[in-house]
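The next block holds one structure in the form of structure tokens; read it before the comments.
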Amino acid sequence: MSFQLPNLPYAYDALEPHIDARTMEIHYTKHHNGYLTKLNAAIEGTDLAGKSIEAILKGMDMNNAALRNNGGGYYNHCLFWEAMSPKGGGEPAGDLAAAISGKFGSFAGFRDAFSNAAASRFGSGWAWLCVHPGGKVEICSTANQDNTLMPGIGCGGHPILGLDVWEHAYYLHYQNRRPDYIDAFYNVINWGQVAAEYEAHK
Ligand code: MN3
């Protein structure tokens, strides 16, 4: 059983004006689908076929560029789509809100730190909010399609929210204005979904 492209949980234009429909369509049907196709090719006929994507990432041979780039790309975008919603925005609640305030002082403090991680990632990569066993949260960023499940990468927590800062994620609408794209992201974050990931992995 090979990996599949997950259903996008909303229409391409659902996140406008924050993320435009053309970007969403290309990002999902071309970029994500490309990572998926190459991931399946990389594991076909190997002992990785049939393993979960998380198990593959945690056991990653970091010298296997095809598996690293495409396994990361597949997983990262699955998490990214789910963490956004046309009904998103606002602030988290419950245990996740308490963990964020405990680490960053306030939601505003979290937002500053997360935006800085996303803005200061040189070239292509991701900003992450991660949870460690016991429930503490941490922000980090990683290059290319790496993520914190891979050995020795980032803060080493379990990612619960990721922001794609590759140019393909924003260039059509925002051109070089990555900070504007980062600001817009807060209008579509699905905090209920992020909280569910927090509860599942704390
Ligand atoms: Mn992308």
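Letters for chains follow the order of the structure tokens (A, B, ...), residue numbers begin at 1 for each chain, and ligand numbers begin at 1 in the order shown.
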Can you build me a table of chain A residues sitting at most 12 Å from ligand 1, with the closest atom pair per residue and its distance in Å to one decimal, using only C-alpha atoms and all ligand atoms, sorted by chain and residue number, as a tab-separated table?
```
residue	atom	partner	partner_atom_place_in_ligand_line	distance
A:Thr23	CA	ligand 1	1 (Mn)	10.0
A:Met24	CA	ligand 1	1 (Mn)	9.6
A:Glu25	CA	ligand 1	1 (Mn)	11.4
A:Ile26	CA	ligand 1	1 (Mn)	9.6
A:His27	CA	ligand 1	1 (Mn)	6.1
A:Tyr28	CA	ligand 1	1 (Mn)	8.1
A:Thr29	CA	ligand 1	1 (Mn)	10.9
A:Lys30	CA	ligand 1	1 (Mn)	9.7
A:His31	CA	ligand 1	1 (Mn)	6.3
A:His32	CA	ligand 1	1 (Mn)	6.8
A:Asn33	CA	ligand 1	1 (Mn)	10.4
A:Gly34	CA	ligand 1	1 (Mn)	10.5
A:Tyr35	CA	ligand 1	1 (Mn)	9.5
A:Asn69	CA	ligand 1	1 (Mn)	11.5
A:Asn70	CA	ligand 1	1 (Mn)	11.2
A:Gly72	CA	ligand 1	1 (Mn)	10.5
A:Gly73	CA	ligand 1	1 (Mn)	7.3
A:Tyr74	CA	ligand 1	1 (Mn)	9.3
A:Tyr75	CA	ligand 1	1 (Mn)	10.7
A:Asn76	CA	ligand 1	1 (Mn)	8.0
A:His77	CA	ligand 1	1 (Mn)	6.4
A:Cys78	CA	ligand 1	1 (Mn)	10.1
A:Leu79	CA	ligand 1	1 (Mn)	11.1
A:Phe80	CA	ligand 1	1 (Mn)	8.7
A:Trp81	CA	ligand 1	1 (Mn)	10.1
A:Ser124	CA	ligand 1	1 (Mn)	9.2
A:Gly125	CA	ligand 1	1 (Mn)	8.6
A:Trp126	CA	ligand 1	1 (Mn)	8.9
A:Asn144	CA	ligand 1	1 (Mn)	9.4
A:Gln145	CA	ligand 1	1 (Mn)	8.4
A:Asp146	CA	ligand 1	1 (Mn)	11.8
A:Gly162	CA	ligand 1	1 (Mn)	10.6
A:Leu163	CA	ligand 1	1 (Mn)	9.0
A:Asp164	CA	ligand 1	1 (Mn)	5.6
A:Val165	CA	ligand 1	1 (Mn)	7.5
A:Trp166	CA	ligand 1	1 (Mn)	6.0
A:Glu167	CA	ligand 1	1 (Mn)	8.1
A:His168	CA	ligand 1	1 (Mn)	6.2
A:Ala169	CA	ligand 1	1 (Mn)	5.5
A:Tyr170	CA	ligand 1	1 (Mn)	9.2
A:Tyr171	CA	ligand 1	1 (Mn)	11.3
```
Residues of the last selection are to be written out with N, CA and C atoms, as a short mmCIF file (atom, residue, chain, number, x, y, z; two decimals), in the first residue's frame.
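Contents of out_5.cif, as written:
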```cif
data_model
loop_
_atom_site.label_atom_id
_atom_site.label_comp_id
_atom_site.auth_asym_id
_atom_site.auth_seq_id
_atom_site.Cartn_x
_atom_site.Cartn_y
_atom_site.Cartn_z
N THR A 23 -2.29 29.66 -5.92
CA THR A 23 -1.19 29.12 -5.13
C THR A 23 -1.59 27.81 -4.48
N MET A 24 -2.79 27.76 -3.90
CA MET A 24 -3.24 26.53 -3.25
C MET A 24 -3.32 25.38 -4.24
N GLU A 25 -3.85 25.65 -5.43
CA GLU A 25 -4.02 24.57 -6.42
C GLU A 25 -2.67 24.03 -6.87
N ILE A 26 -1.75 24.91 -7.20
CA ILE A 26 -0.42 24.46 -7.65
C ILE A 26 0.32 23.77 -6.51
N HIS A 27 0.22 24.34 -5.33
CA HIS A 27 0.94 23.80 -4.17
C HIS A 27 0.48 22.37 -3.88
N TYR A 28 -0.82 22.15 -3.95
CA TYR A 28 -1.39 20.84 -3.62
C TYR A 28 -1.24 19.84 -4.78
N THR A 29 -1.61 20.25 -5.99
CA THR A 29 -1.64 19.30 -7.10
C THR A 29 -0.28 19.07 -7.74
N LYS A 30 0.62 20.02 -7.63
CA LYS A 30 1.94 19.87 -8.24
C LYS A 30 3.02 19.57 -7.20
N HIS A 31 3.17 20.47 -6.25
CA HIS A 31 4.26 20.29 -5.27
C HIS A 31 4.01 19.09 -4.35
N HIS A 32 2.88 19.10 -3.66
CA HIS A 32 2.63 18.00 -2.73
C HIS A 32 2.53 16.67 -3.47
N ASN A 33 1.84 16.69 -4.59
CA ASN A 33 1.72 15.45 -5.37
C ASN A 33 3.08 14.97 -5.88
N GLY A 34 3.96 15.90 -6.17
CA GLY A 34 5.31 15.53 -6.60
C GLY A 34 6.10 14.84 -5.50
N TYR A 35 6.02 15.38 -4.30
CA TYR A 35 6.70 14.73 -3.16
C TYR A 35 6.12 13.33 -2.94
N ASN A 69 14.07 14.24 1.34
CA ASN A 69 13.37 15.37 0.74
C ASN A 69 11.89 15.07 0.51
N ASN A 70 11.60 13.89 0.01
CA ASN A 70 10.22 13.59 -0.39
C ASN A 70 9.38 13.03 0.75
N GLY A 72 9.88 13.98 3.88
CA GLY A 72 9.60 15.21 4.61
C GLY A 72 8.55 16.04 3.89
N GLY A 73 8.70 16.21 2.59
CA GLY A 73 7.75 17.01 1.82
C GLY A 73 6.34 16.46 1.89
N TYR A 74 6.22 15.13 1.85
CA TYR A 74 4.89 14.52 1.94
C TYR A 74 4.27 14.81 3.31
N TYR A 75 5.00 14.50 4.37
CA TYR A 75 4.47 14.66 5.73
C TYR A 75 4.18 16.13 6.05
N ASN A 76 5.13 17.01 5.72
CA ASN A 76 5.00 18.42 6.11
C ASN A 76 3.74 19.05 5.52
N HIS A 77 3.46 18.74 4.25
CA HIS A 77 2.29 19.35 3.63
C HIS A 77 0.99 18.75 4.15
N CYS A 78 0.99 17.47 4.51
CA CYS A 78 -0.21 16.89 5.14
C CYS A 78 -0.56 17.66 6.41
N LEU A 79 0.46 17.93 7.22
CA LEU A 79 0.24 18.67 8.47
C LEU A 79 -0.20 20.11 8.20
N PHE A 80 0.41 20.71 7.19
CA PHE A 80 0.14 22.12 6.84
C PHE A 80 -1.32 22.32 6.42
N TRP A 81 -1.83 21.47 5.54
CA TRP A 81 -3.22 21.65 5.08
C TRP A 81 -4.18 21.53 6.25
N SER A 124 14.78 28.14 1.66
CA SER A 124 13.54 27.38 1.78
C SER A 124 13.50 26.58 3.07
N GLY A 125 12.32 26.46 3.65
CA GLY A 125 12.19 25.65 4.85
C GLY A 125 10.86 25.88 5.53
N TRP A 126 10.84 25.55 6.82
CA TRP A 126 9.61 25.58 7.61
C TRP A 126 9.88 26.16 8.99
N ASN A 144 14.77 23.30 3.97
CA ASN A 144 14.25 22.43 2.90
C ASN A 144 12.99 21.69 3.36
N GLN A 145 12.93 20.36 3.19
CA GLN A 145 11.75 19.62 3.67
C GLN A 145 12.06 18.80 4.92
N ASP A 146 13.11 19.16 5.62
CA ASP A 146 13.38 18.50 6.90
C ASP A 146 12.27 18.80 7.90
N GLY A 162 3.00 23.80 11.42
CA GLY A 162 4.11 24.14 10.55
C GLY A 162 3.71 25.22 9.56
N LEU A 163 4.64 26.10 9.28
CA LEU A 163 4.42 27.12 8.25
C LEU A 163 5.48 26.95 7.16
N ASP A 164 5.00 26.71 5.96
CA ASP A 164 5.83 26.53 4.78
C ASP A 164 6.33 27.90 4.32
N VAL A 165 7.65 28.12 4.34
CA VAL A 165 8.19 29.40 3.86
C VAL A 165 9.01 29.24 2.58
N TRP A 166 8.77 28.13 1.85
CA TRP A 166 9.30 28.06 0.50
C TRP A 166 8.62 29.15 -0.34
N GLU A 167 9.33 29.69 -1.32
CA GLU A 167 8.70 30.72 -2.17
C GLU A 167 7.47 30.18 -2.88
N HIS A 168 7.43 28.89 -3.19
CA HIS A 168 6.26 28.35 -3.90
C HIS A 168 4.98 28.50 -3.07
N ALA A 169 5.12 28.71 -1.76
CA ALA A 169 3.96 28.84 -0.88
C ALA A 169 3.35 30.23 -0.91
N TYR A 170 4.07 31.22 -1.43
CA TYR A 170 3.55 32.59 -1.34
C TYR A 170 3.91 33.52 -2.50
N TYR A 171 4.81 33.11 -3.40
CA TYR A 171 5.38 34.09 -4.33
C TYR A 171 4.37 34.67 -5.33
#
```
Self-check item: All residues 7 Å or closer to segment 38-48 of chain A, only C-alpha atoms, same chain fewer than 3 positions away omitted, as a PyMOL selection string
Solution: chain A and resi 2-3+34-35+51+56+66-67+70-71
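Contact shell of Ser115 of chain A at 12 Å (only C-alpha atoms; same-chain neighbours under 4 positions omitted): Ala108, Gly109, Phe110, Arg111, Ala119, Ser120, Arg121, Trp126, Ala127, Trp128, Leu129, Ile139, Cys140, Ser141, Gly162, Leu163, Asp164, Val165, Arg178, Pro179, Asp180, Tyr181, Ile182, Asp183, Ala184, Phe185 and Tyr186 of chain A.
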For the residues in the current selection, export C-alpha atoms as a PDB file, in the first residue's frame.
```
ATOM      1  CA  ALA A 108       1.609  37.737  21.414  1.00  0.00           C
ATOM      2  CA  GLY A 109       4.955  36.449  22.630  1.00  0.00           C
ATOM      3  CA  PHE A 110       4.393  33.173  20.793  1.00  0.00           C
ATOM      4  CA  ARG A 111       3.411  35.017  17.648  1.00  0.00           C
ATOM      5  CA  ALA A 119      11.082  35.169   8.613  1.00  0.00           C
ATOM      6  CA  SER A 120      14.688  34.376   9.505  1.00  0.00           C
ATOM      7  CA  ARG A 121      14.820  30.944   7.851  1.00  0.00           C
ATOM      8  CA  TRP A 126       9.608  25.576   7.612  1.00  0.00           C
ATOM      9  CA  ALA A 127       8.844  27.141  10.969  1.00  0.00           C
ATOM     10  CA  TRP A 128       7.475  24.744  13.590  1.00  0.00           C
ATOM     11  CA  LEU A 129       5.633  24.725  16.850  1.00  0.00           C
ATOM     12  CA  ILE A 139       9.550  26.789  18.301  1.00  0.00           C
ATOM     13  CA  CYS A 140      12.254  26.048  15.770  1.00  0.00           C
ATOM     14  CA  SER A 141      12.840  26.135  12.041  1.00  0.00           C
ATOM     15  CA  GLY A 162       4.110  24.140  10.551  1.00  0.00           C
ATOM     16  CA  LEU A 163       4.421  27.120   8.245  1.00  0.00           C
ATOM     17  CA  ASP A 164       5.835  26.531   4.778  1.00  0.00           C
ATOM     18  CA  VAL A 165       8.186  29.400   3.858  1.00  0.00           C
ATOM     19  CA  ARG A 178       7.456  36.856   3.110  1.00  0.00           C
ATOM     20  CA  PRO A 179       6.611  38.847   6.271  1.00  0.00           C
ATOM     21  CA  ASP A 180       3.169  39.736   4.838  1.00  0.00           C
ATOM     22  CA  TYR A 181       2.488  36.060   4.120  1.00  0.00           C
ATOM     23  CA  ILE A 182       3.560  35.152   7.644  1.00  0.00           C
ATOM     24  CA  ASP A 183       1.200  37.771   9.117  1.00  0.00           C
ATOM     25  CA  ALA A 184      -1.671  36.497   6.963  1.00  0.00           C
ATOM     26  CA  PHE A 185      -1.138  32.923   8.138  1.00  0.00           C
ATOM     27  CA  TYR A 186      -2.500  33.776  11.597  1.00  0.00           C
TER      28      TYR A 186
END
```
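The environment of Ala98 of chain A within 12 Å, counting only C-alpha atoms and disregarding residues fewer than 4 places along the same chain, consists of Glu91, Pro92, Ala93, Gly94, Gly102, Lys103, Phe104, Gly105, Ser106, Phe107, Phe110, Gly135, Lys136, Val137, Ala195 and Tyr198 of chain A.
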Practice problem: Name the residues in contact with Gly192 of chain A at a cut-off of 12 Å, using only C-alpha atoms, excluding same-chain residues fewer than 3 positions from it; report them as number ranges by chain. | Solution: A: 82-85, 87-97, 160-161, 188-189, 195-199
